[in-house]
Amino acid sequence: MDSDWFHRFAPAPGSGPRLFCFPHAGGAAVAHRALSLRLAPDADVLVAQYPGRHSRRAEPSLDDIGRLADALAGALGPLCDRPFTFFGHSMGALVAYEVTRELERRGMTGPRHLFLSGRAAPTPHGNGFDRLTTDEEIIARIRLLGGTVDGILDNTELMEIVMPPLRADYRALRSYAWQPGPPLHTPMTVLVGDSDPVVPVESAAAWRELTTAGAALHTLPGGHFYLDERTEEVAGIVRTTLGSLALSGRTVDAV
């Protein structure tokens with residue numbers, strides 16, 4: 001059953017792994033609809049719907065990564081009745097990572113695997129690409145990343161709907177300060193486009209420093225939103241890893 005926080009786009013299978021997806025800055029749950037449908041019925045895919053957009057448009061957005069991770073960790077509780085994994089793209093990768101850390105702080109069972117897409121690993125120095133303060137800077141960044149359907153950025157009425165969550169999410173990214181701590185014990189799969197203008201491959205590969213369980217790196221053709229063109233390929237990577245988890249009965253070793 002859908003909740004305010006998580007939406008399904010395909011019927012839930014009676015068994016098998018559960019995958020929680022976390023969208024990019026300005027994104028809504030529908031951003032992962034295509035991936036959800038491609039993974040059905042092998043996995044029960046639930047996509048986060050952040051406040052301030054689509055079905056939650058009347059709610060104030062959360063403009064702090066820590067508060068968002070805290071709220072998501074609380075919402076996950078009733079849904080953690082079977083083994084689960086996380087997939088996050090761009091800002092969503094950072095959210096998935098911080099939700100995992102929050103679950104560990106609470107002494108709760110965390111994900112058996114993290115899929116982190118289109119995001120550099122956090123560092124004590126922050127991420128210069130996140131320091132956007134004006135609407136003009138945000139719109140220029142969205143044009144660079146190619147993260148909207150053609151025509152939306154030039155449609156005044158649609159932009160009045162799109163901009164509030166974008167502003168909130170970029171405030172959250174701008175204010176995010178990574179707090180060093182013990183590495184996770186969760187294996188990771190890191191995915192990045194080979195021509196991503198804001199995530200160099202070596203910055204994505206640095207996620208391996210934040211876990212003791214290893215991290216596999218997949219570089220795919222495309223830019224920041226390579227996922228839109230490579231959904232089937234990404235679904236294959238996720239499906240193979242989920243299958244390994246199910247067969248082994250333990251976390252899969254990264255390669």
# chains A, B, ... in the order shown; residues from 1 in each chain; ligands from 1
>>> residues_around(residues="Ala215 in chain A", least_positions_apart="6", cutoff="6 Å", atoms="only C-alpha atoms", output="ChimeraX atom specification")
/A:187-189,208,254
>>> select_by_dssp(residues="range 6-243 of chain A", states="strand (DSSP E)", output="mmCIF file with N, CA and C atoms, in the first residue's frame")
data_model
loop_
_atom_site.group_PDB
_atom_site.id
_atom_site.type_symbol
_atom_site.label_atom_id
_atom_site.label_comp_id
_atom_site.auth_asym_id
_atom_site.auth_seq_id
_atom_site.Cartn_x
_atom_site.Cartn_y
_atom_site.Cartn_z
ATOM 1 N N PHE A 6 6.050 6.935 0.388
ATOM 2 C CA PHE A 6 6.533 5.980 -0.614
ATOM 3 C C PHE A 6 5.406 5.557 -1.546
ATOM 4 N N HIS A 7 5.716 5.538 -2.840
ATOM 5 C CA HIS A 7 4.743 5.155 -3.852
ATOM 6 C C HIS A 7 5.224 3.920 -4.607
ATOM 7 N N ARG A 18 13.004 -5.918 -1.363
ATOM 8 C CA ARG A 18 12.338 -4.622 -1.459
ATOM 9 C C ARG A 18 13.399 -3.567 -1.772
ATOM 10 N N LEU A 19 13.112 -2.718 -2.733
ATOM 11 C CA LEU A 19 14.044 -1.662 -3.144
ATOM 12 C C LEU A 19 13.386 -0.306 -2.939
ATOM 13 N N PHE A 20 14.027 0.540 -2.130
ATOM 14 C CA PHE A 20 13.566 1.908 -1.933
ATOM 15 C C PHE A 20 14.389 2.836 -2.818
ATOM 16 N N CYS A 21 13.717 3.700 -3.579
ATOM 17 C CA CYS A 21 14.395 4.637 -4.471
ATOM 18 C C CYS A 21 14.223 6.065 -3.968
ATOM 19 N N PHE A 22 15.266 6.866 -4.148
ATOM 20 C CA PHE A 22 15.263 8.253 -3.686
ATOM 21 C C PHE A 22 15.606 9.166 -4.867
ATOM 22 N N ASP A 44 10.040 -5.583 -5.061
ATOM 23 C CA ASP A 44 8.998 -4.667 -4.609
ATOM 24 C C ASP A 44 9.638 -3.288 -4.515
ATOM 25 N N VAL A 45 9.352 -2.426 -5.482
ATOM 26 C CA VAL A 45 10.008 -1.121 -5.569
ATOM 27 C C VAL A 45 9.097 -0.034 -4.999
ATOM 28 N N LEU A 46 9.600 0.695 -4.018
ATOM 29 C CA LEU A 46 8.885 1.826 -3.437
ATOM 30 C C LEU A 46 9.738 3.073 -3.623
ATOM 31 N N VAL A 47 9.148 4.125 -4.162
ATOM 32 C CA VAL A 47 9.886 5.342 -4.477
ATOM 33 C C VAL A 47 9.470 6.454 -3.524
ATOM 34 N N ALA A 48 10.450 7.125 -2.960
ATOM 35 C CA ALA A 48 10.169 8.198 -2.008
ATOM 36 C C ALA A 48 9.494 9.382 -2.692
ATOM 37 N N PHE A 84 15.899 -5.404 2.407
ATOM 38 C CA PHE A 84 15.693 -4.281 1.515
ATOM 39 C C PHE A 84 17.020 -3.654 1.103
ATOM 40 N N THR A 85 16.960 -2.894 0.037
ATOM 41 C CA THR A 85 18.110 -2.178 -0.496
ATOM 42 C C THR A 85 17.670 -0.762 -0.852
ATOM 43 N N PHE A 86 18.661 0.115 -1.084
ATOM 44 C CA PHE A 86 18.392 1.503 -1.453
ATOM 45 C C PHE A 86 18.991 1.810 -2.820
ATOM 46 N N PHE A 87 18.263 2.616 -3.599
ATOM 47 C CA PHE A 87 18.792 3.183 -4.849
ATOM 48 C C PHE A 87 18.540 4.686 -4.803
ATOM 49 N N GLY A 88 19.589 5.480 -4.954
ATOM 50 C CA GLY A 88 19.423 6.925 -4.976
ATOM 51 C C GLY A 88 20.168 7.538 -6.138
ATOM 52 N N HIS A 89 19.529 8.493 -6.809
ATOM 53 C CA HIS A 89 20.188 9.175 -7.925
ATOM 54 C C HIS A 89 20.420 10.641 -7.579
ATOM 55 N N LEU A 114 23.582 -0.708 -1.181
ATOM 56 C CA LEU A 114 23.318 0.658 -1.600
ATOM 57 C C LEU A 114 23.687 0.809 -3.075
ATOM 58 N N PHE A 115 22.743 1.289 -3.878
ATOM 59 C CA PHE A 115 23.005 1.673 -5.261
ATOM 60 C C PHE A 115 23.052 3.202 -5.287
ATOM 61 N N LEU A 116 24.222 3.759 -5.573
ATOM 62 C CA LEU A 116 24.429 5.205 -5.512
ATOM 63 C C LEU A 116 24.764 5.701 -6.909
ATOM 64 N N SER A 117 23.904 6.537 -7.449
ATOM 65 C CA SER A 117 23.970 6.916 -8.863
ATOM 66 C C SER A 117 24.136 8.428 -9.026
ATOM 67 N N MET A 188 28.277 -1.427 -1.705
ATOM 68 C CA MET A 188 27.736 -0.405 -2.589
ATOM 69 C C MET A 188 27.947 -0.780 -4.058
ATOM 70 N N THR A 189 27.021 -0.312 -4.882
ATOM 71 C CA THR A 189 27.219 -0.264 -6.323
ATOM 72 C C THR A 189 27.095 1.197 -6.723
ATOM 73 N N VAL A 190 28.150 1.735 -7.310
ATOM 74 C CA VAL A 190 28.194 3.137 -7.699
ATOM 75 C C VAL A 190 28.059 3.222 -9.216
ATOM 76 N N LEU A 191 27.136 4.078 -9.674
ATOM 77 C CA LEU A 191 26.891 4.245 -11.103
ATOM 78 C C LEU A 191 27.063 5.709 -11.472
ATOM 79 N N VAL A 192 27.671 5.958 -12.630
ATOM 80 C CA VAL A 192 27.902 7.330 -13.061
ATOM 81 C C VAL A 192 27.983 7.375 -14.579
ATOM 82 N N GLY A 193 27.503 8.486 -15.172
ATOM 83 C CA GLY A 193 27.630 8.687 -16.603
ATOM 84 C C GLY A 193 29.037 9.121 -16.962
ATOM 85 N N ALA A 215 32.886 -1.605 -2.940
ATOM 86 C CA ALA A 215 31.994 -0.874 -3.842
ATOM 87 C C ALA A 215 32.342 -1.208 -5.284
ATOM 88 N N ALA A 216 31.348 -1.632 -6.030
ATOM 89 C CA ALA A 216 31.498 -1.860 -7.466
ATOM 90 C C ALA A 216 31.209 -0.554 -8.194
ATOM 91 N N LEU A 217 31.990 -0.239 -9.215
ATOM 92 C CA LEU A 217 31.799 0.989 -9.986
ATOM 93 C C LEU A 217 31.375 0.632 -11.405
ATOM 94 N N HIS A 218 30.267 1.235 -11.858
ATOM 95 C CA HIS A 218 29.787 1.077 -13.229
ATOM 96 C C HIS A 218 29.755 2.444 -13.896
ATOM 97 N N THR A 219 30.532 2.610 -14.948
ATOM 98 C CA THR A 219 30.517 3.842 -15.729
ATOM 99 C C THR A 219 29.723 3.573 -17.004
ATOM 100 N N LEU A 220 28.641 4.325 -17.188
ATOM 101 C CA LEU A 220 27.758 4.096 -18.320
ATOM 102 C C LEU A 220 27.807 5.284 -19.273
#
>>> select_by_dssp(residues="range 152-251 of chain A", states="alpha helix (DSSP H)", output="JSON, numbers by chain")
{"A": [156, 157, 158, 159, 160, 161, 162, 163, 164, 165, 166, 167, 168, 169, 170, 171, 172, 173, 174, 175, 201, 202, 203, 204, 205, 226, 227, 228, 229, 231, 232, 233, 234, 235, 236, 237, 238, 239, 240, 241, 242, 243, 244, 245, 246, 247, 248]}
>>> residues_around(residues="range 27-32 of chain A", least_positions_apart="3", cutoff="12 Å", atoms="only C-alpha atoms", output="mmCIF file with C-alpha atoms, in the first residue's frame")
data_model
loop_
_atom_site.group_PDB
_atom_site.id
_atom_site.type_symbol
_atom_site.label_atom_id
_atom_site.label_comp_id
_atom_site.auth_asym_id
_atom_site.auth_seq_id
_atom_site.Cartn_x
_atom_site.Cartn_y
_atom_site.Cartn_z
ATOM 1 C CA ASP A 2 1.247 3.469 -0.832
ATOM 2 C CA SER A 3 1.989 5.893 1.984
ATOM 3 C CA ASP A 4 2.574 9.619 1.917
ATOM 4 C CA TRP A 5 6.291 8.917 1.803
ATOM 5 C CA PHE A 6 6.533 5.980 -0.614
ATOM 6 C CA HIS A 7 4.743 5.155 -3.852
ATOM 7 C CA ARG A 8 4.540 1.953 -5.861
ATOM 8 C CA PHE A 9 4.158 1.906 -9.637
ATOM 9 C CA ALA A 10 3.712 -1.868 -9.983
ATOM 10 C CA LEU A 19 14.044 -1.662 -3.144
ATOM 11 C CA PHE A 20 13.566 1.908 -1.933
ATOM 12 C CA CYS A 21 14.395 4.637 -4.471
ATOM 13 C CA PHE A 22 15.263 8.253 -3.686
ATOM 14 C CA PRO A 23 14.878 10.896 -6.438
ATOM 15 C CA HIS A 24 17.165 13.737 -7.504
ATOM 16 C CA LEU A 35 13.048 1.744 -13.335
ATOM 17 C CA SER A 36 10.286 0.430 -11.072
ATOM 18 C CA LEU A 37 8.371 -1.064 -13.985
ATOM 19 C CA ARG A 38 11.489 -2.701 -15.404
ATOM 20 C CA LEU A 39 12.305 -4.345 -12.077
ATOM 21 C CA VAL A 45 10.008 -1.121 -5.569
ATOM 22 C CA LEU A 46 8.885 1.826 -3.437
ATOM 23 C CA VAL A 47 9.886 5.342 -4.477
ATOM 24 C CA ALA A 48 10.169 8.198 -2.008
ATOM 25 C CA GLN A 49 7.841 11.162 -2.454
ATOM 26 C CA TYR A 50 9.479 14.105 -0.720
ATOM 27 C CA PRO A 51 7.208 16.804 0.748
ATOM 28 C CA GLY A 52 6.423 19.813 -1.424
ATOM 29 C CA ARG A 53 5.809 18.100 -4.765
ATOM 30 C CA HIS A 54 3.119 16.231 -6.716
ATOM 31 C CA SER A 55 0.759 14.507 -4.262
ATOM 32 C CA ARG A 56 2.460 16.350 -1.371
ATOM 33 C CA ARG A 57 2.561 19.770 -3.017
ATOM 34 C CA SER A 61 9.499 21.089 1.538
ATOM 35 C CA PHE A 87 18.792 3.183 -4.849
ATOM 36 C CA GLY A 88 19.423 6.925 -4.976
ATOM 37 C CA HIS A 89 20.188 9.175 -7.925
ATOM 38 C CA SER A 90 22.020 12.518 -7.610
ATOM 39 C CA MET A 91 20.731 14.183 -4.422
ATOM 40 C CA GLY A 92 18.878 10.924 -3.834
ATOM 41 C CA ILE A 142 19.158 22.264 -14.835
ATOM 42 C CA GLY A 147 17.036 17.074 -16.200
ATOM 43 C CA THR A 148 13.700 18.374 -17.504
ATOM 44 C CA VAL A 149 11.403 17.678 -20.416
ATOM 45 C CA ILE A 161 5.253 24.667 -9.803
ATOM 46 C CA VAL A 162 8.772 23.333 -10.393
ATOM 47 C CA MET A 163 10.836 26.036 -8.694
ATOM 48 C CA PRO A 164 9.716 25.761 -5.019
ATOM 49 C CA PRO A 165 10.955 22.170 -4.546
ATOM 50 C CA LEU A 166 14.081 22.942 -6.590
ATOM 51 C CA ARG A 167 14.893 25.906 -4.362
ATOM 52 C CA ALA A 168 14.342 23.811 -1.231
ATOM 53 C CA ASP A 169 16.453 20.929 -2.478
ATOM 54 C CA TYR A 170 19.335 23.182 -3.499
ATOM 55 C CA PHE A 225 20.728 11.788 -16.347
ATOM 56 C CA LEU A 227 19.563 6.771 -16.331
ATOM 57 C CA ASP A 228 16.838 8.092 -18.643
ATOM 58 C CA THR A 231 17.168 2.372 -17.698
ATOM 59 C CA VAL A 234 20.682 -0.088 -14.912
ATOM 60 C CA ALA A 235 17.752 -2.389 -14.155
#
>>> atom_distance(atom1="CA of Gly146 in chain A", atom2="CA of Val198 in chain A")
11.9 Å
>>> closest_residue(among="A:Ala34, A:Ala12, A:Ala25, A:Gly243", to="Glu229 in chain A", atoms="only C-alpha atoms")
A:Ala34
>>> closest_residue(among="A:Ala75, A:Leu144, A:Ala43, A:Met159", to="Phe129 in chain A", atoms="only C-alpha atoms")
A:Leu144
>>> residues_around(residues="Ala71 in chain A", least_positions_apart="3", cutoff="10 Å", atoms="only C-alpha atoms", output="compact mmCIF listing (two decimals) with N, CA, C and O atoms, in the first residue's frame")
# COMPACT_ATOMS: atom_id res chain seq x y z
N TRP A 5 4.86 8.86 2.07
CA TRP A 5 6.29 8.92 1.80
C TRP A 5 6.75 8.03 0.66
O TRP A 5 7.77 8.32 0.02
N TYR A 50 9.11 13.07 -1.68
CA TYR A 50 9.48 14.10 -0.72
C TYR A 50 8.34 15.12 -0.57
O TYR A 50 7.58 15.36 -1.51
N LEU A 62 11.21 20.00 2.84
CA LEU A 62 12.27 19.92 3.84
C LEU A 62 13.57 20.35 3.18
O LEU A 62 14.05 19.69 2.25
N ILE A 65 19.10 18.15 4.51
CA ILE A 65 19.31 16.72 4.24
C ILE A 65 19.16 15.90 5.50
O ILE A 65 18.56 14.81 5.50
N GLY A 66 19.66 16.39 6.63
CA GLY A 66 19.56 15.65 7.88
C GLY A 66 18.12 15.46 8.32
O GLY A 66 17.73 14.36 8.74
N ARG A 67 17.31 16.51 8.22
CA ARG A 67 15.90 16.40 8.61
C ARG A 67 15.16 15.47 7.66
O ARG A 67 14.28 14.69 8.08
N LEU A 68 15.49 15.53 6.37
CA LEU A 68 14.85 14.65 5.40
C LEU A 68 15.21 13.20 5.69
O LEU A 68 14.34 12.31 5.68
N GLY A 74 12.22 7.31 9.83
CA GLY A 74 11.02 7.02 10.61
C GLY A 74 9.93 6.39 9.78
O GLY A 74 9.24 5.46 10.22
N ALA A 75 9.76 6.88 8.53
CA ALA A 75 8.71 6.35 7.66
C ALA A 75 9.01 4.93 7.20
O ALA A 75 8.10 4.16 6.88
N LEU A 76 10.28 4.56 7.18
CA LEU A 76 10.68 3.23 6.71
C LEU A 76 10.27 2.13 7.69
O LEU A 76 10.07 0.98 7.27
N VAL A 99 20.23 8.28 5.12
CA VAL A 99 19.20 7.46 5.75
C VAL A 99 19.84 6.19 6.32
O VAL A 99 19.51 5.74 7.43
N GLU A 102 21.50 7.08 9.47
CA GLU A 102 20.51 7.32 10.52
C GLU A 102 19.95 6.01 11.06
O GLU A 102 19.75 5.86 12.28
>>> closest_residue(among="A:Arg119, A:His185, A:Arg101, A:Arg239", to="Asp42 in chain A", atoms="only C-alpha atoms")
A:Arg239
>>> closest_residue(among="A:Ser15, A:Ser195, A:Thr123, A:Thr100", to="Pro180 in chain A", atoms="only C-alpha atoms")
A:Thr123
>>> atom_distance(atom1="CA of Arg174 in chain A", atom2="CA of Asp130 in chain A")
5.2 Å
>>> closest_residue(among="A:Asp154, A:Glu98, A:Glu137, A:Asp196", to="Gln179 in chain A", atoms="only C-alpha atoms")
A:Glu98
>>> residues_around(residues="Asp194 in chain A", least_positions_apart="5", cutoff="8 Å", atoms="only C-alpha atoms", output="list in words")
Pro200, Val201, Thr219, Leu220, Pro221, Gly222 and Gly223 of chain A
